[in-house]
Amino acid sequence: MIGLADCNNFYASCERVFNPKLDRKPVVVLSNNDGCIIARSNEAKKLGIKMGEPAFKIKGIIEKHNINVFSTNFALYGDLSRRVMNTFRTEVNKMEVYSIDEAFLDFTDFLDKDRLVQLKMKVQKWTGIPVSIGVAKTKTLAKVANHIAKKHTKAGVFIFEDEDLVKRALNVFPVEDLWGIGRKNAKRLKEVGIHTALQFRETNTHWIKRNLSINGVKLQKELKGEICYPLKLTTQRKKNICTSRSFANEINEVKKLREAVSSHANTCAIKLRKEKSCCSTVGVFLNTNPFKSKAEQYYPYKMFRLDVPTNDSIEIVKFALKGLDQIYLPSYIYKKAGVIVGRTVPESQVQLSLFDNLDRDKRRKVNSVVDRINKRMGKDKVKLAVQGTGRKWKLKQEKLSPCYTTRFADMLEVKV
DNA sequence: TCTGGGGTCCTAGGACCC
DNA sequence: TCTGGGGTCCTAGGACCC
């Protein structure tokens with residue numbers, strides 16, 4: 001049996017851990033740039049606040065109901081996520097960390113509701129984060145079980161013990177809530193009269209293959225209890241890494257864009273080195289503001305293939321800036337810029353080029369010294385001059401909570 | 001005024017090979 | 001008038017996920 005453990009309203013719950021005044025009060029967390037709602041406490045959900053809604057549109061509701069609003073604080077959420085996952089690890093032998101707030105747990109020898117409840121309580125006690133756990137034969141069914149655990153049980157745990165229970169649950173489970181059915185496919189399915197998960201499970205497989213591709217067929221099998229998505233027990237190297245940000249204020253000057261792009265490129269290089277990967281492609285893109293319907297839109301992208309895969313900051317920044325020069329047009333005003341590095345290979349398996357004249361050994365040493373200094377003294381203490389000093393393209397983050405667990409200056413003080 | 005960021009996988013179609 | 005059959009690889013775009 002496979003369990004899906006999912007943190008309830010994760011980011012909102014994280015904000016509560018060190019700020020108990022927020023208990024039972026509505027809490028929302030905003031996306032980067034304080035743009036959209038990306039997490040809501042149950043109280044906020046009850047007020048009708050929707051996922052992904054732009055914050056400025058619900059300003060009235062926020063003020064009227066005294067909703068507690070937070071900018072996104074990934075240092076905090078990432079660290080609490082690590083703690084939650086480590087707590088799971090104390091109880092199961094095999095698990096797959098699926099996202100920042102979810103893990104698939106191997107419950108092959110663990111089918112006991114009381115132990116599930118205990119696990120849930122342990123996470124709550126050790127980390128302060130509430131979780132729900134659903135258990136079933138496959139990942140897809142575990143997702144359904146998790147839904148039920150969250151919405152219809154007090155204990156927050158639910159097990160699909162037999163096929164009859166599965167069938168009854170699928171019969172009332174909306175097809176659009178299935179894992180792998182998105183907006184487009186949900187619409188398509190409803191048009192032909194498929195509204196519930198059970199109806200989907202009984203649909204002709206050829207029709208599903210034709211209309212939803214092989215993924216739809218796998219989904220159908222998983223609903224029947226046949227595993228198509230086994231637990232991934234080894235962490236996979238990322239195939240692409242992207243760093244991008246919207247600007248708080250739109251930008252036209254190429255100098256500021258160069259600062260933003262080189263910073264994103266440098267971040268990509270740092271992420272690569274952390275993964276012990278090198279990339280074989282470097283791409284850069286710009287976006288105008290898509291919400292300005294009157295303005296002419298421009299979404300350029302330029303990618304380079306490298307002769308020798310690299311994770312050197314200087315080299316990746318150079319390619320990104322070269323791309324920027326090729327796509328930048330002064331007649332547009334830009335809202336977003338980003339860098340994508342792709343086709344990664346393990347650092348230890350880089351194919352050298354006969355015509356390479358870069359002293360890669362030296363660069364490797366420089367990067368590792370810079371990484372070490374920044375780890376010890378703080379992010380960006382040492383950076384490339386082209387990144388600039390001002391971060392004039394800065395994000396909007398007006399409601400940021402402290403990094404309680406990852407920065408000494410932000411630690412809570414207890415007076416006794 | 002104000003609208004996020006980071007991923008994966010699949011498919012069709014084009015280019016190329018023999 | 002009439003022009004085969006069987007492959008691989010790559011890419012862009014679209015779907016999905018959190």
# chains A, B, ... in the order shown; residues from 1 in each chain; ligands from 1
>>> interface_residues(of="chain A", to="chain C", cutoff="8 Å", atoms="only C-alpha atoms (C1' of nucleotides)", output="PyMOL selection string")
chain A and resi 99-100+180-182+184
>>> select_by_dssp(residues="range 125-353 of chain A", states="strand (DSSP E or B)", output="number ranges by chain")
A: 131-136, 157-159, 174, 196, 240-251, 277-288, 301-310, 334-342, 345-346
>>> write_last_selection(atoms="C-alpha atoms", output="JSON list (two decimals), in the first residue's frame")
[["chain", "number", "residue", "atom", "x", "y", "z"],
["A", 131, "VAL", "CA", -0.84, 16.75, 7.80],
["A", 132, "SER", "CA", -3.42, 14.43, 6.24],
["A", 133, "ILE", "CA", -2.66, 10.92, 5.08],
["A", 134, "GLY", "CA", -4.47, 8.82, 2.48],
["A", 135, "VAL", "CA", -3.56, 5.20, 1.81],
["A", 136, "ALA", "CA", -4.40, 2.98, -1.16],
["A", 157, "VAL", "CA", -6.30, 9.76, 7.85],
["A", 158, "PHE", "CA", -8.17, 7.48, 5.45],
["A", 159, "ILE", "CA", -7.46, 4.03, 4.04],
["A", 174, "PRO", "CA", -15.51, 14.72, -9.45],
["A", 196, "THR", "CA", -17.17, 11.22, -11.94],
["A", 240, "ASN", "CA", 16.22, 21.83, -16.67],
["A", 241, "ILE", "CA", 16.74, 24.61, -14.18],
["A", 242, "CYS", "CA", 15.04, 27.98, -14.54],
["A", 243, "THR", "CA", 15.42, 31.18, -12.57],
["A", 244, "SER", "CA", 13.06, 34.00, -13.43],
["A", 245, "ARG", "CA", 11.32, 36.90, -11.75],
["A", 246, "SER", "CA", 8.76, 39.54, -12.55],
["A", 247, "PHE", "CA", 9.83, 43.06, -11.81],
["A", 248, "ALA", "CA", 8.04, 45.15, -9.22],
["A", 249, "ASN", "CA", 8.15, 47.94, -11.80],
["A", 250, "GLU", "CA", 8.39, 47.39, -15.51],
["A", 251, "ILE", "CA", 11.82, 47.93, -17.04],
["A", 277, "SER", "CA", 25.35, 19.00, -12.62],
["A", 278, "CYS", "CA", 26.55, 20.85, -15.67],
["A", 279, "CYS", "CA", 24.29, 22.26, -18.38],
["A", 280, "SER", "CA", 24.69, 21.94, -22.14],
["A", 281, "THR", "CA", 22.29, 24.73, -23.06],
["A", 282, "VAL", "CA", 21.79, 28.26, -21.76],
["A", 283, "GLY", "CA", 18.67, 30.22, -22.67],
["A", 284, "VAL", "CA", 17.40, 33.67, -21.82],
["A", 285, "PHE", "CA", 13.91, 35.12, -22.18],
["A", 286, "LEU", "CA", 12.07, 38.40, -21.70],
["A", 287, "ASN", "CA", 8.34, 39.01, -21.28],
["A", 288, "THR", "CA", 6.30, 42.14, -21.69],
["A", 301, "TYR", "CA", 13.74, 33.55, -26.21],
["A", 302, "LYS", "CA", 17.29, 32.77, -27.27],
["A", 303, "MET", "CA", 19.12, 29.55, -26.53],
["A", 304, "PHE", "CA", 22.75, 28.57, -26.99],
["A", 305, "ARG", "CA", 24.26, 25.12, -27.16],
["A", 306, "LEU", "CA", 27.57, 24.81, -25.39],
["A", 307, "ASP", "CA", 30.53, 22.85, -26.72],
["A", 308, "VAL", "CA", 31.45, 21.80, -23.21],
["A", 309, "PRO", "CA", 28.82, 21.44, -20.46],
["A", 310, "THR", "CA", 29.47, 23.85, -17.62],
["A", 334, "TYR", "CA", 9.54, 44.44, -19.92],
["A", 335, "LYS", "CA", 7.81, 42.83, -16.95],
["A", 336, "LYS", "CA", 9.83, 39.67, -16.53],
["A", 337, "ALA", "CA", 13.20, 38.15, -17.37],
["A", 338, "GLY", "CA", 14.57, 34.68, -16.86],
["A", 339, "VAL", "CA", 17.35, 32.23, -17.58],
["A", 340, "ILE", "CA", 16.92, 28.52, -18.33],
["A", 341, "VAL", "CA", 19.77, 26.06, -18.32],
["A", 342, "GLY", "CA", 19.09, 22.64, -19.80],
["A", 345, "VAL", "CA", 24.78, 16.03, -17.26],
["A", 346, "PRO", "CA", 26.50, 14.90, -14.08]]
>>> residues_around(residues="Val166 in chain A", least_positions_apart="2", cutoff="12 Å", atoms="only C-alpha atoms (C1' of nucleotides)", output="ChimeraX atom specification")
/A:135-138,140-142,144-145,148,158-164,168-173,197-198,201,222-225
